[in-house]
Protein chains: 2
Amino acid sequence: MGTNMNRRDFIKTGAAVGLAATMSRSIRLFGQDDRKVRLGFVGLGSQGTGLLRMCLDMEDVEVPALSEINSERLNRAIDLVVKSGRRRPEGYTGEEDFYKLVARDDLDGVVVATPWLWHTPMAVAAMKAGKYCAPEVWGASSIQECWDLIEASEESGMPCMMLENHCYERSTMAILGMVREGLFGELVHGECGYCHDLRSLKFGRQSGQINFGPGARGEAEWRTYHSINRNGDLYPTHGLGPIANCLNTDRGNRMVSLTATATKSRSLHQYIVSQVGIEHPYAKINFKLGDIVTTVIKCQNGETILISHDTNLPRPYSNRYAIHGTKGLWMEHRALVSAIYLDGISPSHEWESLEDYFDKYEHPLWHKFRTEGVRGGHGGAGYLKIRAFVECVKRQIPTPIDVYDTAAWIVITPLSEESIAKGSTPVEFPDFTRGMWMKNKPIFGLTDEY
Amino acid sequence: MGTNMNRRDFIKTGAAVGLAATMSRSIRLFGQDDRKVRLGFVGLGSQGTGLLRMCLDMEDVEVPALSEINSERLNRAIDLVVKSGRRRPEGYTGEEDFYKLVARDDLDGVVVATPWLWHTPMAVAAMKAGKYCAPEVWGASSIQECWDLIEASEESGMPCMMLENHCYERSTMAILGMVREGLFGELVHGECGYCHDLRSLKFGRQSGQINFGPGARGEAEWRTYHSINRNGDLYPTHGLGPIANCLNTDRGNRMVSLTATATKSRSLHQYIVSQVGIEHPYAKINFKLGDIVTTVIKCQNGETILISHDTNLPRPYSNRYAIHGTKGLWMEHRALVSAIYLDGISPSHEWESLEDYFDKYEHPLWHKFRTEGVRGGHGGAGYLKIRAFVECVKRQIPTPIDVYDTAAWIVITPLSEESIAKGSTPVEFPDFTRGMWMKNKPIFGLTDEY
């Protein structure tokens, strides 16, 4: 960080900067410089390696340091950096080595793609060491964890941008633009979810064998424990992010309370039995995670948000997005339907395809991106999210998903657990902005640049 | 009623009869006779007249008496009966004349299609007078109203069948059959709703004018008052009926508690302003009904049900059905998509069309109905529901939607109002079966006859 500005103010006034940007989409905030962005990566499993690969394709990114407890993965990542023509990065393999990584003075930002329980301590350490930080997507394990992020960011003045790729999807960004242009009228309701058959992932299925815990394949090493021990919406942000942007949460609006209700848990047990039989020790596991968790959020301005968490059951993937306003609605189940109805514009009471609206309502960021050639994973959104982080580090400006978004979205996990444990009793959201939500302005998706 | 059986037992053991029917679909319950079914009709607006027309097409139905407070409508209905070649029915126009109608000794059953607040007193009067009764669809105004129905039915021994046409839809009946054959595995979750743009209906829109209350067009005469004064799921059964059948509620399972959450109310006001301007007195009305009401129900056996009530907003019609089980799911938005995914049967993680499953899984009732030629409104379901009622009256057997279904489905309205009024606090369902849900067996959709 080369700036002397008051960092606490920098974080807190980020929203106002965003407002200025709405006035002229092509304005260059703070002036763009040609400096390199120096990133460290912590966690180099498939997700972290994917982010690293995308950054290695960016000429303005340097990678001086990598941290990963598995030395095989670490070496593979080091090789990738070297093969890209960059200087060989320093590698760290100790479990607490991320403290050494974040303390380096040759880093501007740190990308965190470790198991969920590490996101907050690592992001906090990065911020306290004066680095921008970008943790991958997760759900919090406690409310306190969210406050830890807020306090670290406010005290250090450093931004924390959760890398929520779904905010950067082509459809969700087009819809956000249409919402802002008033095409849906006044919004009253949103729906979303993470409906993803993770049975195979949770048990690291390979060659007819299943396994989880130490030594298991991929996320089965750690993610499965959450399904065994917790009952709540474990992964709320893929759905919520885009909807929260449409509803301006923490920017003139906020999420006030939620109820959550879980179904019984049956599907993981049945999966185990179908794969390895009733005699296998896994067949005795009592999974706490209900097969579907339904959360209903009430917002300060009177809107509601429905979130569905559905990761145990067989099904095609869906984020089941919907936005309902007084002039129309949009609904999407990926690969099946993305339909829109606008009162007085669509044929009376007939659905139209969102596809037909891209010509006119493509988001400027996506318009530019498609013009230049779509890159990266998740249909481009994976690239756009990490590029946005890089752009903000480079320009030394606030990130378009900030620490308040990160905290408010991931806190749904412990809040939903609490509501379920209390028989779906309503639970209140903490106000991580400490009242600033009344003054804050929208910051996401305001330009064609990040 | 020509039988001397203990009528209270008749009502209470209806479920066991249903069980017997599952063993052989072609069995003729209680023996079919060739007697005429004598029906009285109370309420002859568009809904009641539609039901009357369908019954007049049935050779085994006689219509000795009609009741309707509007004499123009009454005379139109009397003419329909006369034109059908039947004897001229007696007409009643007094508001309390339904007591006279139900007291007649030449009626076997009474169809009630009046404004919602009249359904229960009329159904109770019909049952107490020894008649089968078939109220049209509604939501209760109080929990006590539901108990009134239960007590009248149990004391009189007479069945009360709410005419829920959605239970008789082609898709919902096929799905019910597939659920029973285990294609979806163990069910864990259902979704449904009544998503119907009723803005024009609530204000009796005609020639650019809007109006509600006495003298207004159609249901605007009375239905609009509910939107002004109540905040809850005012019309839960179109969505819930088919889902409740799949989950065997009150038959080995029951709905235990619910939370309900409402959005702000904006759309009706905006509609008024768009139609007649901000100066119109209607623009000052403070509508209590939230534009979308989301209800989440928890069942005894661990399933959840999501119900959406969405009647103020512009949108294409949908019941947003979904059934989720450990082996697959079905999802439908009418006229847009009806998609199914069955684990190990569908191509991996790809949706299929329900249409492709009709060849194999058409419900026997629909198979027969399509073979004989689909008739009546609502794509045939409107005919099937009233025909089922007529068949049961004719055979003097319990109805396939009984008074416990009726009570448990319509009680969602006052329960959702209570939950919303208490900030989405969970509210418990009364057990209208007084524990008999543990013994009761499924009764709906067991034959190809009703």
# chains A, B, ... in the order shown; residues from 1 in each chain; ligands from 1
call {"tool": "select_by_dssp", "arguments": {"residues": "region 71-106 of chain B", "states": "alpha helix (DSSP H)", "output": "list in words"}}
result
Ser71, Glu72, Arg73, Leu74, Asn75, Arg76, Ala77, Ile78, Asp79, Leu80, Val81, Val82, Lys83, Phe98, Tyr99, Lys100, Leu101, Val102 and Ala103 of chain B
call {"tool": "residues_around", "arguments": {"residues": "Val102 (chain B)", "least_positions_apart": "3", "cutoff": "8 Å", "atoms": "only C-alpha atoms", "output": "VMD selection string"}}
result
chain B and resid 40 98 to 99 107 110 125 to 126 129 131
call {"tool": "closest_atom_pairs", "arguments": {"of": "region 186-301 of chain B", "to": "region 251-263 of chain A", "cutoff": "10 Å", "atoms": "only C-alpha atoms", "output": "CSV"}}
result
residue,atom,partner,partner_atom,distance
B:Leu187,CA,A:Thr263,CA,9.7
B:Val188,CA,A:Thr263,CA,6.0
B:His189,CA,A:Thr263,CA,6.8
B:Leu258,CA,A:Thr261,CA,9.3
B:Thr259,CA,A:Thr259,CA,7.6
B:Ala260,CA,A:Thr259,CA,9.1
B:Thr261,CA,A:Thr259,CA,8.9
B:Val296,CA,A:Thr261,CA,7.4
B:Ile297,CA,A:Thr261,CA,8.2
B:Lys298,CA,A:Thr261,CA,7.4
B:Cys299,CA,A:Thr263,CA,8.7
B:Asn301,CA,A:Thr263,CA,9.0
call {"tool": "closest_atom_pairs", "arguments": {"of": "chain A", "to": "chain B", "cutoff": "7 Å", "atoms": "only C-alpha atoms", "output": "Markdown table"}}
result
| residue | atom | partner | partner_atom | distance |
| --- | --- | --- | --- | --- |
| A:Val188 | CA | B:Thr263 | CA | 6.0 |
| A:His189 | CA | B:Thr263 | CA | 6.8 |
| A:Thr263 | CA | B:Glu303 | CA | 4.9 |
| A:Lys264 | CA | B:Gly302 | CA | 4.7 |
| A:Ser267 | CA | B:Thr326 | CA | 5.2 |
| A:Gly302 | CA | B:Lys264 | CA | 4.7 |
| A:Glu303 | CA | B:Thr263 | CA | 5.0 |
| A:Thr304 | CA | B:Thr263 | CA | 5.6 |
| A:Leu313 | CA | B:Thr326 | CA | 5.7 |
| A:Pro314 | CA | B:Gly328 | CA | 5.8 |
| A:Arg315 | CA | B:His349 | CA | 5.8 |
| A:Pro316 | CA | B:His349 | CA | 4.2 |
| A:Thr326 | CA | B:Ser267 | CA | 5.2 |
| A:Lys327 | CA | B:Pro314 | CA | 6.2 |
| A:Gly328 | CA | B:Pro314 | CA | 5.8 |
| A:Leu329 | CA | B:Arg315 | CA | 6.9 |
| A:Tyr341 | CA | B:Arg315 | CA | 6.3 |
| A:Asp343 | CA | B:Pro314 | CA | 6.0 |
| A:His349 | CA | B:Pro316 | CA | 4.2 |
| A:Glu350 | CA | B:Pro316 | CA | 5.7 |
| A:Trp351 | CA | B:Pro316 | CA | 6.7 |
| A:Ser424 | CA | B:Pro426 | CA | 6.3 |
| A:Thr425 | CA | B:Thr425 | CA | 5.6 |
| A:Pro426 | CA | B:Thr425 | CA | 6.1 |
call {"tool": "select_by_dssp", "arguments": {"residues": "region 294-340 of chain B", "states": "strand (DSSP E or B)", "output": "NGL selection string"}}
result
:B and (294-299 or 304-310 or 318 or 321-325 or 328-333 or 337-340)
call {"tool": "residues_around", "arguments": {"residues": "Glu145 (chain A)", "least_positions_apart": "5", "cutoff": "10 Å", "atoms": "only C-alpha atoms", "output": "PyMOL selection string"}}
result
chain A and resi 117+119-121+124+140+150+407+410-411+414
call {"tool": "write_last_selection", "arguments": {"atoms": "C-alpha atoms", "output": "tab-separated table (two decimals), in the first residue's frame"}}
result
chain	number	residue	atom	x	y	z
A	117	LEU	CA	-12.49	-22.96	8.91
A	119	HIS	CA	-10.76	-18.47	5.82
A	120	THR	CA	-11.27	-16.04	8.65
A	121	PRO	CA	-7.99	-16.47	10.56
A	124	VAL	CA	-7.71	-11.47	9.36
A	140	ALA	CA	-19.18	-18.76	8.70
A	150	ILE	CA	-15.11	-6.58	10.23
A	407	ALA	CA	-19.80	-10.83	6.75
A	410	ILE	CA	-21.63	-15.76	5.44
A	411	VAL	CA	-23.37	-15.07	8.76
A	414	PRO	CA	-24.68	-19.69	11.93
